[in-house]
Amino acid sequence: MPKTILIVDDSALILMSLSTTLKINNFNVETASDGTKALDKLKGGLKPDLIVTDINMPNMGGLELIRNIRALPSFRFTPILVLTTESQASKREEAKKNGATGWLIKPGMSIVAVVKQVLPGA
Amino acid sequence: MRNGAKNYNITDEKAGSRLGVCLERENGGASPAEVGVIPVRIWKWVVARRSSINRVTEDLARGLPEVGRGLVSLVSDSEHDFLQIVTAIQEFHSQSVELAADATKLASLIAGGETERAWNDLREILAQIHAFISKEESETQSIMAAMERFLSILEDMRGPLTSFGRIVNMLNMLGVATRIENARLLRDDTGFDILSAAVDKLAVDIGEKTGKILVRIGQLNGLIRESVRRTSSLAALQRTQSRSILDGVSSSMGELEKRRLMAGQVAAGVSGGAAETAKSIESILASMQFHDITRQQLEHVKEALEEVATSLRPASAGGCEAVWSWTSVRDAIKLQNAQIDHAGNQLSLAVEDVKTKMYGIGDNVLAMVERAEELFSSGSSQDNSFLREVEAGVGRIGKSLHQNELANRDMSEAVASVAATVGEIAGYISEIDRVGIAIKYLSLNALVQAVHIGEDGLALEVLSQEIQHLSEHTIQQIDIVSESLKTVAKLSGDLRRIVDAAPSSSGSEAGIMEAELNSLMVSLHKENGDVEKILGGIRRKGGRFTVGIKKCADSFQVHRRCAGLLEEVGVRLASLAESAGALAGRPSDRERGDCLKSLSLRYTMEKEREIHSKHTSVPSTSGILARRHTSLRRMSPEDPACDSVTRHDPEVELF
């Protein structure tokens, strides 16, 4: 059974290229263009095995999204990877504090390997 | 407003003989010490500078946000091109998956159990035919040897049969002498007239019968010689034909196997190429994300330019000098210009890298297609001709086996004829034998009569004894011929059994082998047709893929359009920087250094530059791919060193 990954990014290009990469590697992919839409999907019943989110997005950024996701009991242990161009240590620390599982710098050449490491058996 | 900066209202005023301007504090309450009179030329300079500041401020306030908006629009427009490429890449990936599936199908068809079995069966049947032909050859040789033995025995029989001529002469002579002697005695009760008549009859019989036997032996000799000649030439022909057919079939099969191996290599190549293509596609997809990095870089530039623009104030309200030093304004613009230039260059490199990878994929697939093409256009047609050759060979083998059957029938008839003739000869011999035995007893009786007659019967006694000896000699000669005939009869019986058995067994064996071969040929034809179909598909799909990806790479020119637009932006920013620079003072080196450092921290995205540089400064695509593959191998989750992804990759951190 393929694992499902939710990708959250305001860039259509990132969503499309990352989706394709993950689909090539036999993952199911869902996408959201900002934190609010991602949260709506999760509250609407989507149960991804992993969430990959950007930091800087309109409406709701990645750090706030992580905090909100962790507040939902069903997603307390769902792995969340941050994929961003941000390199500030403070933001990285904040992501960690909010409950992120890992931090990847774009363009995330190692994303598939990292996803497979985070989701054993995928 | 900077600390310590002072703004003044300026009013014209006559002061003595000097024309000057009085400077008062803007907020009134000027202290006498701060109010002064300056020379008119300086005042004019101040007015001109104020006008310049206002003009430049206005230009920058309008121009910098315009440039920023232009950048955002450029990024937004170019994203569409990148999205189109990603869409195309998705399609190419689907096509490469299809190609890989075809290759797998081809490989399994070629190396699959059913095909392998068919080929093994074909090899086995050909080996059986080889063995069958060898057996036939050996049997033919046995028959030929037996025939030769026939001829030899028949030749041996000529000796005793020829000696019958002398016996006949002597019998004739003895018969005449007996009749004369009997007539001289003038007695008709001695039985010598019967003896002489029997001797005459025996002479006639032996003469007639041996004549017939010799004729028959001559005929038999001719028949056997003809049969041997036919069989021998047919066997030689069969041997040559069968061997040549089998050699031809074996050689065709060898060529077919070579083709199969080549098709297998194509399949492996296609499969490997498809896997490599999939990896390259992943790498391209990752590279496409550079657009997003460039977007963020240019958005930062836009924000920086807007911040500079909003910080500017007209001179009447204090002017730029009070808020920014014009040196800083110039440097900030130059810095953004440098960033734009860098972003443009890096985007160009990233796009060129993507294009190179796409061309690389196209080349890989093209090489694979050319190989399939080679096999398809020449190979598969050769395969067909080879198959036809094998098929024709199989047909010829069948025909040859049928010829063999006819030859066997021919031989069977010859042997039957030999048997019949031998029977006939045996009849003649038996008749001579019977008469010989009768004479033996008649002569014995005549001898007794001759003894009774006494002195006068002495000559008849001698004749009777001679007749008795001759009849015994005849019987002996007949025994010799009979022995030979027995051998011939036994030999012909054995031969008959061999020959009679041969046509049916070879016919049925040949029929079975031919039927099996034909059935296998049907399977091989089907397999060849399927291989041809898949190879054709690979060639067609691969060709479409290659043309498509190269066309797509050719059309991917967004970086050139961006570079052109960014160059225009650069020229405009350079002009704006120059305007600001014209108003700039000359700060000390230390002040300048501090200022640049502060601007750099505030207005550049160091990380984006690092990412760009790291991924686009690799000299060749093969280098990128090699590094990528090594990296991927290292990062396989099955790999015990998998967690090294997080340990060694500075771009990845798992908390």
# chains A, B, ... in the order shown; residues from 1 in each chain; ligands from 1
call {"tool": "interface_residues", "arguments": {"of": "chain A", "to": "chain B", "cutoff": "8 Å", "atoms": "only C-alpha atoms", "output": "PyMOL selection string"}}
result
chain A and resi 11-14+16-18+20-21+24+85-87+96+100-110+113-114+116-117+120
call {"tool": "write_last_selection", "arguments": {"atoms": "N, CA, C and O atoms", "output": "compact mmCIF listing (two decimals), in the first residue's frame"}}
result
# COMPACT_ATOMS: atom_id res chain seq x y z
N SER A 11 4.51 27.64 -4.01
CA SER A 11 5.00 27.64 -5.39
C SER A 11 4.41 26.45 -6.14
O SER A 11 4.59 25.29 -5.76
N ALA A 12 3.67 26.80 -7.22
CA ALA A 12 3.06 25.74 -8.03
C ALA A 12 4.15 24.82 -8.60
O ALA A 12 3.95 23.61 -8.74
N LEU A 13 5.30 25.43 -8.91
CA LEU A 13 6.38 24.65 -9.51
C LEU A 13 6.94 23.62 -8.52
O LEU A 13 7.19 22.46 -8.87
N ILE A 14 7.10 24.08 -7.26
CA ILE A 14 7.60 23.15 -6.24
C ILE A 14 6.59 22.01 -6.04
O ILE A 14 6.96 20.84 -5.98
N MET A 16 4.45 20.85 -8.07
CA MET A 16 4.38 19.96 -9.23
C MET A 16 5.63 19.09 -9.34
O MET A 16 5.52 17.87 -9.55
N SER A 17 6.79 19.71 -9.19
CA SER A 17 8.01 18.92 -9.38
C SER A 17 8.20 17.91 -8.25
O SER A 17 8.58 16.76 -8.46
N LEU A 18 7.87 18.35 -7.02
CA LEU A 18 8.02 17.44 -5.88
C LEU A 18 7.00 16.29 -5.96
O LEU A 18 7.32 15.14 -5.67
N THR A 20 5.70 15.06 -8.64
CA THR A 20 6.13 14.12 -9.69
C THR A 20 7.24 13.22 -9.17
O THR A 20 7.20 11.99 -9.38
N THR A 21 8.22 13.82 -8.50
CA THR A 21 9.34 13.04 -7.97
C THR A 21 8.82 11.94 -7.03
O THR A 21 9.23 10.79 -7.11
N ILE A 24 6.83 9.26 -8.86
CA ILE A 24 7.74 8.34 -9.57
C ILE A 24 8.22 7.26 -8.61
O ILE A 24 8.43 6.12 -8.99
N THR A 85 14.12 27.36 1.75
CA THR A 85 15.42 27.97 1.44
C THR A 85 15.95 28.69 2.68
O THR A 85 17.09 29.16 2.69
N GLU A 86 15.12 28.78 3.69
CA GLU A 86 15.53 29.46 4.92
C GLU A 86 16.68 28.72 5.60
O GLU A 86 16.67 27.50 5.66
N SER A 87 17.63 29.48 6.08
CA SER A 87 18.74 28.81 6.76
C SER A 87 18.96 29.36 8.17
O SER A 87 19.91 28.97 8.84
N LYS A 96 11.72 23.04 15.11
CA LYS A 96 11.97 21.88 15.96
C LYS A 96 11.09 21.94 17.21
O LYS A 96 10.47 20.94 17.60
N ALA A 100 8.47 19.84 14.34
CA ALA A 100 8.91 19.32 13.03
C ALA A 100 9.84 18.12 13.24
O ALA A 100 10.50 18.01 14.26
N THR A 101 9.84 17.23 12.24
CA THR A 101 10.67 16.03 12.33
C THR A 101 12.04 16.26 11.72
O THR A 101 13.02 15.64 12.14
N GLY A 102 12.08 17.10 10.71
CA GLY A 102 13.37 17.34 10.04
C GLY A 102 13.35 18.60 9.21
O GLY A 102 12.29 19.20 8.98
N TRP A 103 14.53 18.99 8.78
CA TRP A 103 14.69 20.26 8.06
C TRP A 103 15.53 20.00 6.82
O TRP A 103 16.64 19.47 6.92
N LEU A 104 14.99 20.33 5.66
CA LEU A 104 15.73 20.13 4.41
C LEU A 104 15.83 21.45 3.67
O LEU A 104 14.86 22.21 3.64
N ILE A 105 16.99 21.69 3.12
CA ILE A 105 17.16 22.91 2.34
C ILE A 105 16.81 22.61 0.87
O ILE A 105 17.20 21.59 0.33
N LYS A 106 16.02 23.52 0.28
CA LYS A 106 15.66 23.37 -1.13
C LYS A 106 16.91 23.42 -2.00
O LYS A 106 17.85 24.13 -1.63
N PRO A 107 16.99 22.69 -3.07
CA PRO A 107 15.87 22.03 -3.74
C PRO A 107 15.61 20.60 -3.24
O PRO A 107 14.86 19.87 -3.87
N GLY A 108 16.19 20.23 -2.17
CA GLY A 108 15.85 18.94 -1.57
C GLY A 108 16.20 17.76 -2.47
O GLY A 108 15.37 16.91 -2.76
N MET A 109 17.45 17.75 -2.91
CA MET A 109 17.91 16.66 -3.79
C MET A 109 17.76 15.30 -3.10
O MET A 109 17.60 14.28 -3.76
N SER A 110 17.84 15.31 -1.75
CA SER A 110 17.80 14.03 -1.02
C SER A 110 16.40 13.70 -0.52
O SER A 110 16.25 12.79 0.28
N ALA A 113 15.22 9.98 -0.44
CA ALA A 113 15.96 9.17 0.54
C ALA A 113 15.53 9.52 1.96
O ALA A 113 15.35 8.62 2.80
N VAL A 114 15.34 10.81 2.20
CA VAL A 114 14.94 11.23 3.56
C VAL A 114 13.53 10.71 3.86
O VAL A 114 13.27 10.21 4.96
N LYS A 116 12.09 8.11 2.66
CA LYS A 116 12.16 6.66 2.89
C LYS A 116 12.76 6.34 4.26
O LYS A 116 12.45 5.32 4.86
N GLN A 117 13.63 7.23 4.69
CA GLN A 117 14.22 7.01 6.02
C GLN A 117 13.19 7.30 7.12
O GLN A 117 13.09 6.57 8.11
N PRO A 120 9.89 4.14 7.22
CA PRO A 120 10.49 2.83 6.91
C PRO A 120 9.46 1.92 6.22
O PRO A 120 8.29 1.93 6.58
call {"tool": "select_by_dssp", "arguments": {"residues": "chain A", "states": "strand (DSSP E)", "output": "PyMOL selection string"}}
result
chain A and resi 4-8+28-32+50-53+80-84+102-105
call {"tool": "atom_distance", "arguments": {"atom1": "CA of Gly493 (chain B)", "atom2": "CA of Ala419 (chain B)"}}
result
7.2 Å
call {"tool": "residues_around", "arguments": {"residues": "Gly35 (chain A)", "least_positions_apart": "6", "cutoff": "7 Å", "atoms": "only C-alpha atoms", "output": "MDAnalysis selection string"}}
result
chainID A and resid 8 59:62 65
call {"tool": "write_last_selection", "arguments": {"atoms": "N, CA and C atoms", "output": "CSV table (one decimal), in the first residue's frame"}}
result
chain,number,residue,atom,x,y,z
A,8,VAL,N,3.1,21.0,1.2
A,8,VAL,CA,2.5,22.3,1.3
A,8,VAL,C,3.5,23.3,0.9
A,59,ASN,N,-1.0,33.6,4.0
A,59,ASN,CA,-2.1,33.1,4.9
A,59,ASN,C,-1.6,32.4,6.1
A,60,MET,N,-1.0,31.3,6.0
A,60,MET,CA,-0.4,30.6,7.2
A,60,MET,C,0.9,30.0,6.8
A,61,GLY,N,2.0,30.5,7.5
A,61,GLY,CA,3.3,30.0,7.2
A,61,GLY,C,3.5,28.6,7.7
A,62,GLY,N,4.7,28.0,7.4
A,62,GLY,CA,5.0,26.6,7.8
A,62,GLY,C,5.1,26.4,9.3
A,65,LEU,N,1.8,26.4,10.8
A,65,LEU,CA,1.1,25.2,10.4
A,65,LEU,C,1.5,24.0,11.3
call {"tool": "atom_distance", "arguments": {"atom1": "CA of Asp40 (chain A)", "atom2": "CA of Asn25 (chain A)"}}
result
26.4 Å
call {"tool": "atom_distance", "arguments": {"atom1": "CA of Leu63 (chain A)", "atom2": "CA of Asp77 (chain B)"}}
result
28.7 Å
call {"tool": "closest_residue", "arguments": {"among": "B:Met144, B:Val351, B:Met513, B:Leu186", "to": "Ser555 (chain B)", "atoms": "only C-alpha atoms"}}
result
B:Val351
call {"tool": "residues_around", "arguments": {"residues": "region 67-71 of chain A", "least_positions_apart": "2", "cutoff": "12 Å", "atoms": "only C-alpha atoms", "output": "PyMOL selection string"}}
result
chain A and resi 35-36+38-43+47-48+50-51+53+60-65+73-80+94-101
call {"tool": "residues_around", "arguments": {"residues": "Val29 (chain A)", "least_positions_apart": "4", "cutoff": "9 Å", "atoms": "only C-alpha atoms", "output": "list in words"}}
result
Lys3, Thr4, Ile5, Leu6, Ile7, Ser19, Thr20, Leu22, Lys23 and Pro48 of chain A
call {"tool": "write_last_selection", "arguments": {"atoms": "C-alpha atoms", "output": "tab-separated table (two decimals), in the first residue's frame"}}
result
chain	number	residue	atom	x	y	z
A	3	LYS	CA	2.18	5.88	1.62
A	4	THR	CA	0.51	9.26	1.27
A	5	ILE	CA	2.47	12.49	1.51
A	6	LEU	CA	0.98	15.98	1.85
A	7	ILE	CA	3.13	18.69	0.28
A	19	SER	CA	4.73	15.62	-6.52
A	20	THR	CA	6.13	14.12	-9.69
A	22	LEU	CA	7.43	11.35	-5.16
A	23	LYS	CA	4.89	9.77	-7.50
A	48	PRO	CA	-1.17	11.56	5.28
call {"tool": "closest_residue", "arguments": {"among": "B:Arg409, B:Leu520, B:Tyr359, B:Gln403", "to": "Ala553 (chain B)", "atoms": "only C-alpha atoms"}}
result
B:Tyr359
call {"tool": "residues_around", "arguments": {"residues": "Asp121 (chain B)", "least_positions_apart": "4", "cutoff": "9 Å", "atoms": "only C-alpha atoms", "output": "ChimeraX atom specification"}}
result
/B:116-117,125-126,516-517,520
